[in-house]
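Raw work_15.tsv, TSV, C-alpha atoms:
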```tsv
chain	number	residue	atom	x	y	z
A	1	MET	CA	87.23	60.63	-92.42
A	2	ASP	CA	84.30	58.19	-92.32
A	3	ILE	CA	82.30	59.44	-95.29
A	4	ARG	CA	79.07	58.32	-93.60
A	5	SER	CA	79.64	60.97	-90.94
A	6	LEU	CA	79.39	63.79	-93.49
A	7	SER	CA	75.79	64.49	-92.57
A	8	ALA	CA	76.66	64.87	-88.88
A	9	PRO	CA	80.31	65.93	-88.47
A	10	VAL	CA	81.69	66.84	-85.05
A	11	ILE	CA	83.28	70.23	-84.41
A	12	GLN	CA	86.72	69.43	-83.04
A	13	ASP	CA	87.78	73.04	-82.49
A	14	ARG	CA	85.18	75.80	-82.79
A	15	SER	CA	87.67	78.66	-82.97
A	16	ALA	CA	89.54	76.82	-85.75
A	17	LEU	CA	86.27	76.33	-87.64
A	18	GLU	CA	85.55	80.04	-87.32
A	19	GLU	CA	89.00	80.74	-88.78
A	20	PHE	CA	88.23	78.41	-91.68
A	21	ALA	CA	84.91	80.18	-92.28
A	22	GLU	CA	86.73	83.52	-92.53
A	23	ALA	CA	89.28	82.08	-94.95
A	24	LEU	CA	86.52	80.54	-97.07
A	25	THR	CA	84.78	83.92	-97.24
A	26	ASP	CA	87.90	85.24	-98.97
A	27	LEU	CA	88.58	82.21	-101.19
A	28	ALA	CA	85.04	81.48	-102.42
A	29	PRO	CA	84.76	84.74	-104.44
A	30	ARG	CA	88.12	84.00	-106.05
A	31	ILE	CA	86.92	80.53	-107.04
A	32	GLU	CA	83.65	81.90	-108.44
A	33	ASN	CA	85.40	84.57	-110.46
A	34	ASN	CA	87.93	82.14	-111.89
A	35	VAL	CA	85.22	79.66	-112.82
A	36	ALA	CA	83.27	82.43	-114.56
A	37	LEU	CA	86.35	83.46	-116.54
A	38	LEU	CA	87.23	79.88	-117.47
A	39	ARG	CA	83.74	79.37	-118.84
A	40	LYS	CA	84.55	82.09	-121.37
A	41	THR	CA	88.21	81.19	-122.00
A	42	PRO	CA	88.86	77.61	-120.82
A	43	ALA	CA	92.39	77.60	-122.25
A	44	GLU	CA	93.58	80.52	-120.12
A	45	ARG	CA	96.52	78.97	-118.26
A	46	ASP	CA	96.81	81.69	-115.60
A	47	MET	CA	93.15	81.31	-114.66
A	48	ILE	CA	93.52	77.53	-114.52
A	49	ALA	CA	96.51	77.84	-112.23
A	50	ASP	CA	94.80	80.40	-109.98
A	51	LEU	CA	91.66	78.28	-109.65
A	52	PHE	CA	93.74	75.23	-108.77
A	53	ARG	CA	95.63	77.23	-106.12
A	54	ALA	CA	92.41	78.61	-104.64
A	55	VAL	CA	90.88	75.15	-104.28
A	56	HIS	CA	94.18	73.81	-102.91
A	57	ASN	CA	94.17	76.64	-100.34
A	58	VAL	CA	90.64	75.71	-99.25
A	59	LYS	CA	91.81	72.15	-98.72
A	60	GLY	CA	94.95	73.29	-96.89
A	61	ASP	CA	93.04	75.69	-94.64
A	62	ALA	CA	90.53	72.94	-93.83
A	63	ALA	CA	93.34	70.57	-92.90
A	64	LEU	CA	95.07	73.18	-90.71
A	65	CYS	CA	91.77	73.91	-88.95
A	66	LYS	CA	91.10	70.17	-88.48
A	67	PHE	CA	87.92	70.50	-90.53
A	68	GLU	CA	87.74	67.12	-92.27
A	69	LEU	CA	84.53	67.96	-94.09
A	70	GLY	CA	86.30	70.83	-95.87
A	71	VAL	CA	89.09	68.50	-96.95
A	72	ALA	CA	86.58	65.88	-98.13
A	73	ILE	CA	84.80	68.38	-100.39
A	74	ALA	CA	87.87	70.24	-101.68
A	75	HIS	CA	90.03	67.17	-102.42
A	76	PRO	CA	88.01	65.74	-105.35
A	77	ILE	CA	87.61	69.24	-106.83
A	78	GLU	CA	91.37	69.61	-106.67
A	79	SER	CA	91.78	66.20	-108.35
A	80	MET	CA	89.45	67.16	-111.20
A	81	MET	CA	91.19	70.50	-111.64
A	82	SER	CA	94.56	68.72	-111.74
A	83	ARG	CA	93.33	66.55	-114.61
A	84	PHE	CA	91.92	69.61	-116.37
A	85	ARG	CA	95.21	71.48	-115.89
A	86	ASP	CA	97.03	68.52	-117.44
A	87	GLY	CA	94.70	68.44	-120.44
A	88	GLU	CA	92.99	65.17	-119.48
A	89	LEU	CA	89.53	66.68	-118.95
A	90	PRO	CA	87.57	69.41	-120.78
A	91	PHE	CA	86.28	72.37	-118.77
A	92	SER	CA	82.54	72.54	-119.44
A	93	ASP	CA	79.56	74.46	-118.10
A	94	LEU	CA	78.43	71.37	-116.20
A	95	LEU	CA	81.80	70.87	-114.54
A	96	ALA	CA	81.82	74.57	-113.65
A	97	GLU	CA	78.32	74.33	-112.18
A	98	LEU	CA	79.33	71.30	-110.11
A	99	ILE	CA	82.41	73.05	-108.70
A	100	LEU	CA	80.34	76.09	-107.72
A	101	LEU	CA	77.64	73.88	-106.21
A	102	ALA	CA	80.28	72.09	-104.12
A	103	ILE	CA	81.66	75.42	-102.84
A	104	ASP	CA	78.10	76.54	-102.04
A	105	ARG	CA	77.54	73.35	-100.06
A	106	LEU	CA	80.80	73.84	-98.17
A	107	GLU	CA	79.78	77.38	-97.23
A	108	LEU	CA	76.31	76.23	-96.15
A	109	ALA	CA	77.74	73.34	-94.16
A	110	THR	CA	80.21	75.61	-92.36
A	111	GLU	CA	77.48	78.12	-91.50
A	112	ALA	CA	75.16	75.35	-90.33
A	113	LEU	CA	77.80	73.77	-88.09
A	114	LEU	CA	78.62	77.11	-86.47
A	115	GLY	CA	74.89	77.73	-86.02
A	116	GLY	CA	74.19	74.29	-84.56
A	117	ARG	CA	71.93	73.28	-87.44
A	118	PRO	CA	71.72	69.80	-89.05
A	119	LEU	CA	73.44	69.01	-92.37
A	120	ALA	CA	71.45	66.01	-93.64
A	121	GLN	CA	69.49	68.10	-96.15
A	122	LEU	CA	72.75	69.16	-97.88
A	123	HIS	CA	73.30	65.63	-99.25
A	124	LEU	CA	77.02	65.90	-98.59
A	125	GLU	CA	77.67	62.17	-98.71
A	126	GLU	CA	76.18	61.91	-102.22
A	127	LEU	CA	78.15	64.99	-103.28
A	128	VAL	CA	81.53	63.76	-102.03
A	129	ARG	CA	81.09	60.18	-103.22
A	130	GLY	CA	79.99	61.45	-106.64
A	131	MET	CA	82.90	63.87	-106.98
A	132	GLU	CA	85.37	61.17	-105.96
A	133	ARG	CA	84.04	58.95	-108.76
A	134	LEU	CA	84.17	61.89	-111.19
A	135	ALA	CA	87.82	62.53	-110.35
A	136	ASP	CA	88.64	59.14	-111.94
A	137	GLU	CA	85.97	59.18	-114.67
A	138	LEU	CA	86.70	58.77	-118.37
A	139	PRO	CA	86.67	62.16	-120.18
A	140	GLU	CA	83.83	61.15	-122.50
A	141	ALA	CA	81.57	60.33	-119.53
A	142	ILE	CA	82.22	63.47	-117.48
A	143	GLU	CA	79.29	65.51	-118.83
A	144	LEU	CA	76.71	62.81	-118.15
A	145	ARG	CA	78.09	62.05	-114.68
A	146	CYS	CA	78.16	65.76	-113.77
A	147	ALA	CA	74.52	66.14	-114.77
A	148	GLU	CA	73.53	63.04	-112.80
A	149	LEU	CA	75.37	64.18	-109.70
A	150	ILE	CA	73.96	67.70	-109.81
A	151	GLU	CA	70.43	66.30	-110.00
A	152	ALA	CA	71.12	63.77	-107.22
A	153	VAL	CA	72.32	66.51	-104.86
A	154	THR	CA	69.86	69.29	-105.73
A	155	GLY	CA	66.81	67.36	-106.92
A	156	PHE	CA	66.84	69.36	-110.16
A	157	PRO	CA	68.44	68.86	-113.56
A	158	PRO	CA	71.38	71.20	-114.21
A	159	VAL	CA	69.66	73.52	-116.70
A	160	ILE	CA	66.96	75.88	-115.41
A	161	GLY	CA	65.81	78.96	-117.28
A	162	GLU	CA	65.77	82.45	-115.83
A	163	ILE	CA	62.71	83.67	-113.91
A	164	SER	CA	60.77	86.18	-115.98
A	165	ALA	CA	60.71	89.76	-114.71
A	166	ARG	CA	57.63	90.61	-116.79
A	167	GLN	CA	54.42	91.46	-114.96
A	168	PRO	CA	52.31	88.30	-114.59
A	169	SER	CA	49.10	88.33	-116.61
A	170	GLY	CA	46.12	89.19	-114.48
A	171	SER	CA	48.08	90.83	-111.68
A	172	GLY	CA	46.85	94.28	-110.75
A	173	SER	CA	43.30	93.44	-111.91
A	174	PRO	CA	41.10	92.60	-108.89
A	175	SER	CA	38.95	89.51	-109.21
A	176	ARG	CA	36.09	91.33	-107.48
A	177	GLN	CA	34.56	94.64	-108.47
A	178	ALA	CA	36.43	97.15	-106.33
A	179	SER	CA	37.98	100.08	-108.15
A	180	ASP	CA	39.43	101.42	-104.91
A	181	LEU	CA	41.42	98.23	-104.38
A	182	SER	CA	42.65	98.43	-107.95
A	183	ALA	CA	43.79	102.01	-107.39
A	184	ASP	CA	45.51	100.93	-104.16
A	185	LEU	CA	47.42	98.20	-106.00
A	186	THR	CA	48.57	100.68	-108.63
A	187	PHE	CA	49.89	102.93	-105.85
A	188	PHE	CA	51.55	100.01	-104.04
A	189	ARG	CA	53.23	98.89	-107.24
A	190	ALA	CA	54.57	102.41	-107.81
A	191	LEU	CA	56.12	102.36	-104.33
A	192	ALA	CA	57.72	98.96	-105.00
A	193	LEU	CA	59.20	100.15	-108.28
A	194	GLN	CA	60.54	103.24	-106.52
A	195	LEU	CA	62.38	100.97	-104.06
A	196	GLU	CA	63.60	98.85	-106.96
A	197	SER	CA	65.05	101.93	-108.64
A	198	ARG	CA	67.32	102.61	-105.66
A	199	SER	CA	69.83	100.00	-106.83
A	200	PRO	CA	70.60	98.48	-110.25
A	201	LEU	CA	70.88	95.13	-108.46
A	202	PHE	CA	67.12	95.16	-107.89
A	203	LYS	CA	66.09	95.54	-111.53
A	204	GLY	CA	63.13	93.23	-112.25
A	205	ARG	CA	63.01	92.07	-108.64
A	206	THR	CA	59.41	93.06	-107.89
A	207	MET	CA	57.86	91.20	-110.80
A	208	ARG	CA	60.04	88.12	-110.31
A	209	ILE	CA	58.88	87.85	-106.70
A	210	LEU	CA	55.26	88.56	-107.69
A	211	ARG	CA	55.28	85.91	-110.40
A	212	LEU	CA	56.77	83.26	-108.12
A	213	ALA	CA	54.44	84.13	-105.23
A	214	LEU	CA	51.25	84.04	-107.30
A	215	GLU	CA	52.24	80.84	-109.11
A	216	THR	CA	53.28	79.12	-105.86
A	217	ASN	CA	49.95	80.11	-104.32
A	218	GLN	CA	48.14	78.69	-107.32
A	219	ALA	CA	50.17	75.46	-107.23
A	220	GLY	CA	49.28	75.10	-103.55
A	221	GLY	CA	45.53	75.37	-104.13
A	222	GLN	CA	45.07	79.17	-104.13
A	223	VAL	CA	44.55	79.31	-100.36
A	224	VAL	CA	45.65	82.95	-100.23
A	225	ASP	CA	43.66	85.79	-101.80
A	226	PRO	CA	45.82	86.76	-104.83
A	227	LEU	CA	45.05	90.45	-104.31
A	228	GLN	CA	46.24	90.38	-100.73
A	229	LEU	CA	49.36	88.48	-101.75
A	230	GLU	CA	50.09	90.92	-104.56
A	231	ALA	CA	49.79	93.90	-102.23
A	232	ALA	CA	52.10	92.18	-99.75
A	233	VAL	CA	54.72	91.54	-102.44
A	234	TYR	CA	54.70	95.22	-103.37
A	235	LEU	CA	55.07	96.52	-99.80
A	236	HIS	CA	56.98	93.80	-97.92
A	237	ASP	CA	60.28	95.69	-98.23
A	238	LEU	CA	58.91	99.24	-98.25
A	239	GLY	CA	60.45	99.80	-94.84
A	240	MET	CA	63.91	99.42	-96.36
A	241	MET	CA	63.58	102.92	-97.82
A	242	LEU	CA	63.25	104.28	-94.28
A	243	LEU	CA	66.59	102.79	-93.25
A	244	PRO	CA	70.03	104.18	-94.09
A	245	GLU	CA	71.27	102.82	-97.41
A	246	SER	CA	74.48	101.86	-95.65
A	247	VAL	CA	72.42	99.23	-93.82
A	248	TRP	CA	70.07	97.69	-96.38
A	249	LEU	CA	72.55	97.83	-99.28
A	250	LYS	CA	75.48	96.65	-97.16
A	251	VAL	CA	77.66	93.85	-98.54
A	252	GLY	CA	78.70	91.39	-95.86
A	253	LYS	CA	77.66	90.72	-92.28
A	254	LEU	CA	75.60	93.32	-90.45
A	255	ALA	CA	76.68	94.72	-87.11
A	256	PRO	CA	74.30	93.94	-84.18
A	257	GLU	CA	72.77	97.43	-84.24
A	258	GLU	CA	72.30	97.19	-88.03
A	259	THR	CA	70.57	93.82	-87.64
A	260	LEU	CA	68.23	95.39	-85.07
A	261	ALA	CA	67.40	98.20	-87.50
A	262	MET	CA	66.76	95.75	-90.35
A	263	ARG	CA	64.34	93.76	-88.21
A	264	LYS	CA	62.07	96.78	-87.99
A	265	HIS	CA	61.43	97.01	-91.72
A	266	PRO	CA	58.41	94.64	-91.96
A	267	GLY	CA	56.52	96.81	-89.50
A	268	TYR	CA	56.58	99.86	-91.77
A	269	GLY	CA	54.92	98.21	-94.76
A	270	ALA	CA	52.49	96.36	-92.50
A	271	GLY	CA	51.65	99.58	-90.67
A	272	LEU	CA	50.76	101.32	-93.92
A	273	LEU	CA	48.52	98.45	-95.04
A	274	GLU	CA	46.77	98.28	-91.66
A	275	ARG	CA	45.68	101.89	-92.09
A	276	ILE	CA	44.10	101.38	-95.51
A	277	PRO	CA	40.70	99.63	-95.53
A	278	GLY	CA	40.60	96.26	-97.25
A	279	TRP	CA	44.24	95.19	-96.76
A	280	ALA	CA	44.26	93.56	-93.33
A	281	GLU	CA	45.41	90.18	-94.66
A	282	ALA	CA	48.18	91.77	-96.74
A	283	ALA	CA	49.32	93.59	-93.58
A	284	ARG	CA	49.61	90.27	-91.72
A	285	ILE	CA	51.58	88.75	-94.62
A	286	VAL	CA	54.06	91.64	-94.63
A	287	ALA	CA	54.40	91.68	-90.83
A	288	GLN	CA	55.14	87.94	-90.71
A	289	HIS	CA	57.20	87.26	-93.84
A	290	HIS	CA	60.43	86.93	-91.82
A	291	GLU	CA	58.91	84.58	-89.25
A	292	MET	CA	59.98	80.90	-89.32
A	293	PRO	CA	58.05	77.70	-88.52
A	294	ASP	CA	60.47	76.85	-85.69
A	295	GLY	CA	59.92	80.23	-84.00
A	296	ALA	CA	63.42	81.51	-84.85
A	297	GLY	CA	62.21	84.32	-87.12
A	298	TYR	CA	61.35	87.94	-86.44
A	299	PRO	CA	59.89	90.33	-85.34
A	300	GLN	CA	57.65	88.30	-83.00
A	301	GLY	CA	59.18	84.81	-83.07
A	302	LEU	CA	55.87	83.25	-84.16
A	303	ALA	CA	55.52	79.48	-84.44
A	304	ASP	CA	54.29	77.61	-87.50
A	305	ALA	CA	50.54	77.64	-86.78
A	306	GLU	CA	50.61	81.36	-85.98
A	307	ILE	CA	52.04	82.37	-89.36
A	308	VAL	CA	49.54	83.08	-92.15
A	309	PRO	CA	49.97	81.08	-95.40
A	310	GLY	CA	50.72	84.17	-97.47
A	311	ALA	CA	53.68	85.02	-95.24
A	312	LYS	CA	55.02	81.48	-95.64
A	313	ILE	CA	54.87	81.82	-99.44
A	314	LEU	CA	56.47	85.25	-99.43
A	315	ALA	CA	59.24	84.02	-97.10
A	316	ILE	CA	60.29	81.39	-99.65
A	317	VAL	CA	60.19	83.51	-102.79
A	318	ASP	CA	61.80	86.51	-101.08
A	319	ALA	CA	64.62	84.27	-99.82
A	320	PHE	CA	65.05	82.81	-103.30
A	321	GLU	CA	65.52	86.29	-104.77
A	322	ALA	CA	67.90	87.20	-101.95
A	323	VAL	CA	70.01	84.10	-102.61
A	324	MET	CA	70.21	85.03	-106.30
A	325	LEU	CA	71.69	88.39	-105.31
A	326	LYS	CA	73.59	87.71	-102.11
A	327	HIS	CA	76.93	87.13	-103.83
A	328	ILE	CA	76.51	89.78	-106.51
A	329	HIS	CA	79.62	91.52	-105.13
A	330	ARG	CA	81.57	88.49	-106.36
A	331	GLY	CA	80.91	89.63	-109.91
A	332	ARG	CA	78.15	87.25	-110.94
A	333	ASN	CA	74.63	86.24	-109.99
A	334	ARG	CA	73.77	82.87	-108.57
A	335	SER	CA	72.42	80.53	-111.20
A	336	VAL	CA	68.74	79.64	-110.71
A	337	LEU	CA	69.83	76.05	-110.10
A	338	ARG	CA	72.14	76.95	-107.23
A	339	ALA	CA	69.58	79.33	-105.73
A	340	ILE	CA	66.78	76.77	-105.74
A	341	ALA	CA	69.21	74.16	-104.42
A	342	GLU	CA	70.08	76.44	-101.49
A	343	ILE	CA	66.42	77.11	-100.67
A	344	ASN	CA	65.75	73.38	-100.57
A	345	ALA	CA	68.90	72.77	-98.53
A	346	CYS	CA	67.67	75.33	-95.96
A	347	ASP	CA	64.11	74.00	-95.97
A	348	ARG	CA	63.82	74.02	-92.17
A	349	GLN	CA	63.63	77.80	-92.36
A	350	PHE	CA	60.46	77.57	-94.44
A	351	ALA	CA	57.02	75.97	-94.23
A	352	PRO	CA	57.40	72.47	-95.74
A	353	GLU	CA	53.87	72.52	-97.16
A	354	TRP	CA	54.91	75.39	-99.47
A	355	ILE	CA	58.33	74.11	-100.53
A	356	ALA	CA	56.73	71.47	-102.78
A	357	PRO	CA	54.45	73.95	-104.63
A	358	PHE	CA	57.42	76.30	-105.03
A	359	ASN	CA	59.50	73.50	-106.53
A	360	GLN	CA	56.58	72.70	-108.81
A	361	VAL	CA	56.67	76.28	-110.11
A	362	ILE	CA	60.42	76.04	-110.75
A	363	ARG	CA	59.96	72.77	-112.63
A	364	LYS	CA	57.27	74.41	-114.74
A	365	THR	CA	59.77	77.19	-115.52
A	366	MET	CA	62.23	74.53	-116.66
A	367	GLU	CA	59.66	73.05	-119.04
A	368	HIS	CA	59.22	76.42	-120.71
```

Target encoding structure tokens, full file:
Amino acid sequence: MDIRSLSAPVIQDRSALEEFAEALTDLAPRIENNVALLRKTPAERDMIADLFRAVHNVKGDAALCKFELGVAIAHPIESMMSRFRDGELPFSDLLAELILLAIDRLELATEALLGGRPLAQLHLEELVRGMERLADELPEAIELRCAELIEAVTGFPPVIGEISARQPSGSGSPSRQASDLSADLTFFRALALQLESRSPLFKGRTMRILRLALETNQAGGQVVDPLQLEAAVYLHDLGMMLLPESVWLKVGKLAPEETLAMRKHPGYGAGLLERIPGWAEAARIVAQHHEMPDGAGYPQGLADAEIVPGAKILAIVDAFEAVMLKHIHRGRNRSVLRAIAEINACDRQFAPEWIAPFNQVIRKTMEH
């Protein structure tokens, strides 16, 4: 294929692309699991062989479905794995991260094509060109070239520390004298931690989201009252507890009726806040945190100017946490790098004026 068309490929056969997407859903977990195992035991021949076969199957399925983009991404991975299988290349954390990033990009590209969304922000041309060069690179230069390519595609260096789940300093202590608001926040936090306790997957979730939200707000000029934002973080998913666990803890795609039920959850937390004096802004943040600037969000389909800044912040950090966990059933969390890369790749879903402050917070995390 013309590599310059990677940012705007044409769907030749939609039903075939849907078949490829289903096959990739099965193969991607296998690739992730094998990569995770090879990081621990890179000399394990069976794992090497299985990973090679899985990548080869992705390439073969893409070819059968006439999906040239899939072939273009899988082929250089297969070439690198062939060299690794033959003992020509070492299997390192950076090579593993690059392989997983490439599979992420292929999944995102497939979803975007089926959804009629643009692909330019995925930087697929840089990714494929870089992997093609890596497939022929000298072994001693692989690490450096992997790091350079990861940063070129994601905008971030390949090593990012974990987001702290400790309570941010100063949170829960109102900046104005109002003991009733302080008591409210203590109650809201207790509700959030109760939700968190419903699944071991959520451990530390509340404080990670709170930290990122408050720091993003600060990096963006503190335009949102930190107290209102904190309350919104605590209660934005409260409504989940009122839904069947089979819906909000479900792995995989929701049925239409389940999606409809999920879309009601912001209203519950917002409704509670609306009925407690002093939390009107927090209520708006909760009600709108699934709205999108292009009007494609829910529950009201608000446009950019109609969405309050706090909801725009919460949308980004909540999505980041969701990306970290969305493939937990594959046996491993997303790395912070791949999660932040996905948020930036899907930036049209979020307010652009808050993506930069959010990235600033992540870079600050890297420095520490």

Legend entry - Selected residue, from A:Leu24, A:Leu193, A:Ala213, A:Val336, that lies nearest to Ala311 (chain A) when counting all atoms listed in the file: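 So, comparing all the options, the nearest one is A:Ala213.
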
Inset, instruction - Between CA of Leu325 (chain A) and CA of His290 (chain A), measure the distance and give it in Å to one decimal. - result: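 Calculated distance between CA of Leu325 (chain A) and CA of His290 (chain A) is 17.6 Å.
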
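You will find CA of Arg275 (chain A) at 18.9 Å from CA of Asp225 (chain A).
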
Inset, instruction - Just give me the gap between CA of Ser335 (chain A) and CA of Gln288 (chain A) in Å, one decimal is fine. - result: 27.8 Å

Inset, instruction - Name the residues in contact with region 51-60 of chain A at a cut-off of 7 Å, using all atoms listed in the file, excluding same-chain residues fewer than 2 positions from it; report them as a PyMOL selection string. - result: chain A and resi 24+27+31+34+47-49+62-64+70-71+74-75+78+81

Legend entry - Closest of A:Leu108, A:Ala232, A:Ile11, A:Leu242 to Asp318 (chain A) - atom-to-atom distances counting all atoms listed in the file: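 Smallest distance to Asp318 (chain A) is found for A:Ala232.
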
Inset, instruction - For region 82-98 of chain A, please output as a list in words all residues within 8 Å (counting all atoms listed in the file; exclusion window: fewer than 2 positions along the same chain). - result: Val35, Leu38, Arg39, Pro42, Arg45, Ile48, Ala49, Phe52, Glu78, Ser79, Met80, Leu100, Leu101, Ala102, Pro139, Ile142, Glu143, Cys146, Ala147, Ile150 and Pro158 of chain A

Generate a file of the selected residues that holds C-alpha atoms, formatted as a compact mmCIF listing (two decimals), in the coordinates of the input.
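Written output follows (selection26.txt):
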```txt
# COMPACT_ATOMS: atom_id res chain seq x y z
CA VAL A 35 85.22 79.66 -112.82
CA LEU A 38 87.23 79.88 -117.47
CA ARG A 39 83.74 79.37 -118.84
CA PRO A 42 88.86 77.61 -120.82
CA ARG A 45 96.52 78.97 -118.26
CA ILE A 48 93.52 77.53 -114.52
CA ALA A 49 96.51 77.84 -112.23
CA PHE A 52 93.74 75.23 -108.77
CA GLU A 78 91.37 69.61 -106.67
CA SER A 79 91.78 66.20 -108.35
CA MET A 80 89.45 67.16 -111.20
CA LEU A 100 80.34 76.09 -107.72
CA LEU A 101 77.64 73.88 -106.21
CA ALA A 102 80.28 72.09 -104.12
CA PRO A 139 86.67 62.16 -120.18
CA ILE A 142 82.22 63.47 -117.48
CA GLU A 143 79.29 65.51 -118.83
CA CYS A 146 78.16 65.76 -113.77
CA ALA A 147 74.52 66.14 -114.77
CA ILE A 150 73.96 67.70 -109.81
CA PRO A 158 71.38 71.20 -114.21
```
